[in-house]
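Peer 1: A single structure is presented below for examination.
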Amino acid sequence: MAIRGVNINIQGLGYRYSSRGKPTFSNLMLESKRGEALAIIGRSGCGKSTLLHIIAGLNRPTEGTMHFDDKKIEGPSSRWVMMFQAPHLFPWMKVSQNVGVGLGFAGWPEKEKRERVDEALRLVELQDYAETNVQDLSGGQQQRVALARSLVMEPELLLLDEPFSALDAFTRASLQRDVRSIAKRLGFNLIIVTHDIDEAVLMADRALIMAGAPGKIVHEFEVPLDDPRQRQDPAVQAMRARLLDAFHSAAQVAGAPKEKLDEADTESNSVSQHA
Amino acid sequence: MSQDTTIVAGNAATVAVGRSRSAAAASGTLYWAWNFFGGLGILFALWWLAIYVTTLNPAMSHFASFGPGPAFKEIGHLWNNGLIPKALQTSGARLGAGLAIAIAIGVPVGILIGRSRRFRELSNSPFQLMRMISPLSWEPIAVIVFVGWDQAIIFLIAIAAVWPVMFSTAAGLSKVDPAWFKVARNLGAKPWHVVTQIIVPAIAFDVLTGIRLALGVGWIVLVPSEFLGVTSGFGYTIEDSRESLEYEKLMAMLLVIGAVGYVLDSICLALIKRYSWHK
């Protein structure tokens with residue numbers, strides 16, 4: 001697979017659900033260099049998922065512009081593909097058909113399509129399940145199929161909207177490691193939206209904390225850790241503590257109650273204990 | 001354990017699993033055949049008993065022609081003289097045409113009901129009102145409107161069959177996960193891809209279920225519709241048999257109607273199983 005990343009430049013981006021409503025976020029600036037893995041952390045309702053949908057071209061911004069390598073972005077494309085919280089596989093298709101569905105939309109010849117599907121399935125270690133009905137797979141395997149379905153398009157940018165939050169801790173940890181490793185090997189960009197601090201530390205090169213209403217980016221951290229990243233590693237723990245502090249202070253500024261602030265910490269801890 | 005021994009053991013296990021599956025399939029077929037023929041046997045036994053008891057009274061002896069024996073004997077005769085094949089052909093053509101019209105109207109309108117809230121709300125009252133009109137009460141209007149009897153019969157079948165197709169399609173669409181459309185768009189699907197590769201397979205089960213119901217309704221409406229001025233088909237043959245007092249012929253045609261309806265329903269059921277993705 002020949003994938004390369006993209007330079008992302010977002011200027012003055014804003015969005016409101018209705019013309020008279022309060023903006024979800026406004027005047028948002030974001031840059032990401034080719035091949036970078038970017039995590040956006042924030043509490044529910046701060047607009048991070050909406051931002052991701054806009055970057056994917058699935059929603060249109062009410063203000064601002066987005067450029068990928070100087071090309072203005074105005075709609076969805078198979079070059080920037082999104083993975084959702086649930087796999088949303090097509091249950092009437094087998095694993096290989098689900099993975100190749102986007103290539104079918106693009107009119108790929110059957111032979112080339114088959115080769116690329118096989119390669120994508122090998123990447124996610126599901127090559128033995130090509131002819132299996134997707135309903136017979138576990139949640140983690142289904143999410144791997146969704147990942148293969150995205151990778152087969154050879155995207156320049158993979159957008160992940162809390163894609164592992166519905167999975168058990170072990171599967172989540174393994175997919176977090178695999179997605180980062182595949183992205184680094186193939187060179188495409190990642191933008192991960194999450195409220196799991198551990199996920200951000202384990203997967204991202206840079207983490208942005210989004211808070212407030214309307215949402216804005218209040219903190220930015222480089223995550224200069226070596227791969228493979230282990231949860232028990234003191235450097236990972238230290239980074240996690242820094243992000244958690246920043247997350248709490250950002251949430252307090254935004255007026256969140258204390259019990260809400262502890263949610264992210266509790267979730268991160270539960271994953272740490274399992275994995 | 002050596003590698004060869006492992007392979008032999010593995011092959012033996014595979015053969016054993018294969019044999020056990022074949023045995024289970026054979027046992028399942030036997031169970032099905034037992035129920036199928038057993039159920040029909042009970043029905044025919046009750047039929048025979050009813051006619052036997054009735055004809056114990058000498059005044060009712062002419063009812064003997066209604067029994068299963070004369071009916072089965074007559075089926076062979078009617079097949080050989082070409083009456084059953086001809087009735088199958090003409091009634092089948094009418095049913096097929098009526099169903100085709102019902103599907104051609106019912107599926108797209110059902111998709112529209114399922115996709116457009118405005119259309120669903122606007123069309124609800126007129127469609128529910130029309131649905132509740134007995135199909136056979138359209139008969140006088142059909143006779144006036146259409147030039148030929150055949151067209152009138154096809155219209156009656158279509159008006160009876162369109163509702164189950166339409167409402168099943170709409171119900172199927174309302175169960176479609178909206179996220180599938182988002183995923184499809186995300187992967188570069190054009191509108192026709194969404195229709196052919198997402199909507200159609202997603203609702204195939206419900207559409208086929210609607211067609212199965214429609215087939216049942218259409219088959220039921222067909223026979224009384226053929227009491228109209230036509231001179232062929234199952235309904236006509238039954239009416240003709242009654243008027244000419246050929247009761248064994250009448251009962252033979254009833255048996256054939258039931259058998260053909262059963263076969264058509266089984267085909268629909270097989271298609272539903274084939275295209276159903278629900279687990």
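Residues in the structure tokens are numbered from 1 in each chain, the chains being A, B, ... in the order shown, and ligands are numbered from 1 in the order shown.
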Would you give me, as CSV, each residue of chain A having an atom within 9 Å of an atom of chain B, along with its shortest atom pair and that distance in Å to one decimal, using only C-alpha atoms and sorting by chain and residue number?

Peer 2:
```
residue,atom,partner,partner_atom,distance
A:Ala56,CA,B:Asn186,CA,7.6
A:Gly57,CA,B:Asn186,CA,8.1
A:Leu58,CA,B:Asn186,CA,7.2
A:Pro76,CA,B:Asn186,CA,5.8
A:Ser77,CA,B:Gly188,CA,5.8
A:Ser78,CA,B:Leu187,CA,5.1
A:Arg79,CA,B:Leu187,CA,8.8
A:Trp80,CA,B:Asn186,CA,8.2
A:Val81,CA,B:Asn186,CA,6.2
A:Met82,CA,B:Asn186,CA,6.8
A:Met83,CA,B:Val183,CA,8.5
A:Phe84,CA,B:Val183,CA,8.5
A:His88,CA,B:Trp180,CA,6.3
A:Leu89,CA,B:Trp180,CA,7.6
A:Phe90,CA,B:Trp180,CA,7.3
A:Pro91,CA,B:Trp277,CA,6.3
A:Trp92,CA,B:Trp277,CA,5.0
A:Met93,CA,B:Trp277,CA,8.4
A:Val101,CA,B:Leu187,CA,7.9
A:Gly102,CA,B:Leu187,CA,4.9
A:Leu103,CA,B:Leu187,CA,8.2
A:Gly104,CA,B:Ala189,CA,8.9
A:Phe105,CA,B:Ala189,CA,5.4
A:Ala106,CA,B:Gly188,CA,7.0
A:Gln135,CA,B:Lys279,CA,7.6
A:Arg149,CA,B:Leu187,CA,8.7
A:Ser150,CA,B:Leu187,CA,7.9
A:Met153,CA,B:Leu187,CA,8.0
```

Peer 1: Find the residues around Ser225 of chain B up to 8 Å (only C-alpha atoms counted), leave out those fewer than 2 positions away in its own chain, and share them as a PyMOL selection string.

Peer 2: chain B and resi 136+139+153+156+221-223+227-228+235

Peer 1: In Å, with one decimal, what is the gap from atom CA of Pro224 of chain B to atom CA of Pro135 of chain B?

Peer 2: 10.6 Å

Peer 1: For segment 109-123 of chain A, list every protein, DNA or RNA residue within 7 Å, evaluated using only C-alpha atoms, and leave out those in the same chain fewer than 5 positions away; present the list as a PDB file with C-alpha atoms, in the first residue's frame.

Peer 2:
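Output file result24.pdb is given in full below:
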```pdb
ATOM      1  CA  SER A  96     -14.157  -9.023   2.384  1.00  0.00           C
ATOM      2  CA  VAL A  99     -13.729  -4.023   3.344  1.00  0.00           C
ATOM      3  CA  GLY A 100     -13.973  -3.579  -0.425  1.00  0.00           C
ATOM      4  CA  LEU A 103     -13.349   0.455  -3.759  1.00  0.00           C
ATOM      5  CA  ALA A 148      -9.495  -2.343   7.147  1.00  0.00           C
ATOM      6  CA  LEU A 151      -7.256   1.562   5.212  1.00  0.00           C
ATOM      7  CA  VAL A 152      -8.138  -0.086   1.910  1.00  0.00           C
TER       8      VAL A 152
END
```

Peer 1: Between atom CA of Ile238 of chain B and atom CA of Trp48 of chain B, what is the distance, to one decimal in Å?

Peer 2: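 Spanning atom CA of Ile238 of chain B to atom CA of Trp48 of chain B is a straight-line distance of 20.6 Å.
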
Peer 1: Can you pull out every residue within 8 Å of Ile199 of chain B, counting only C-alpha atoms, but drop anything in the same chain fewer than 4 positions away, and send it as a PyMOL selection string?

Peer 2: chain B and resi 173+176+194-195+203

Peer 1: So that I can see what lies close to segment 220-222 of chain A, please list as an MDAnalysis selection string the residues with an atom at most 8 Å from it, counting only C-alpha atoms and leaving out residues fewer than 5 positions away in the same chain.

Peer 2: chainID A and resid 205:209 243

Peer 1: Please produce a file of the residues just selected, as a compact mmCIF listing (two decimals), in the first residue's frame, where the atoms kept are N, CA and C atoms.

Peer 2:
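Produced file again_35.txt, reproduced below:
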```txt
# COMPACT_ATOMS: atom_id res chain seq x y z
N ASP A 205 0.99 12.06 18.58
CA ASP A 205 2.25 12.81 18.62
C ASP A 205 2.02 14.15 19.30
N ARG A 206 0.77 14.58 19.23
CA ARG A 206 0.40 15.88 19.80
C ARG A 206 -1.03 15.78 20.30
N ALA A 207 -1.29 16.40 21.46
CA ALA A 207 -2.65 16.35 22.02
C ALA A 207 -3.18 17.76 22.22
N LEU A 208 -4.41 17.97 21.81
CA LEU A 208 -5.07 19.26 22.00
C LEU A 208 -6.22 19.07 22.97
N ILE A 209 -6.36 19.99 23.91
CA ILE A 209 -7.49 19.90 24.85
C ILE A 209 -8.51 20.95 24.46
N LEU A 243 -1.33 15.73 31.11
CA LEU A 243 -2.55 15.94 30.32
C LEU A 243 -3.79 16.00 31.23
```

Peer 1: Quick one: of A:Arg43, A:Arg34, A:Arg144, A:Arg4, who's nearest to Gly212 of chain A, counting only C-alpha atoms?

Peer 2: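 Closest candidate: A:Arg43.
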
Peer 1: Pick out the residues sitting within 7 Å of Val134 of chain A, and hand them over as number ranges by chain; count only C-alpha atoms, and ignore anything fewer than 3 positions along from it in its own chain.

Peer 2: A: 91, 94-95, 137, 142

Peer 1: Skip Met253 of chain B itself and residues of its chain fewer than 3 positions away, then list as a list in words all residues within 10 Å of it, counting only C-alpha atoms.

Peer 2: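 The contact residues come out as Ala71, Phe72, Glu74, Ile75, Leu78, Leu83, Ile84, Ala87, Phe234, Gly235, Thr237, Ile238, Ser241, Tyr247, Glu248, Lys249, Leu250, Val256, Ile257, Gly258 and Ala259 of chain B.
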
Peer 1: Between atom CA of Ile211 of chain B and atom CA of Ala25 of chain B, what is the spacing in Å?

Peer 2: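 Between atom CA of Ala25 of chain B and atom CA of Ile211 of chain B the gap is 29.3 Å.
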
Peer 1: Enumerate as a PyMOL selection string all residues of segment 12-254 of chain A assigned to alpha helix (DSSP H) by DSSP on the backbone, naming them with the chain letters and numbers the document uses.

Peer 2: chain A and resi 48-55+95-99+101-105+110-123+139-151+169-186+197-203+234-253

Peer 1: Check the DSSP output for the backbone and give back, as an MDAnalysis selection string, the residues of segment 72-131 of chain A in strand (DSSP E).

Peer 2: chainID A and resid 72 80:83
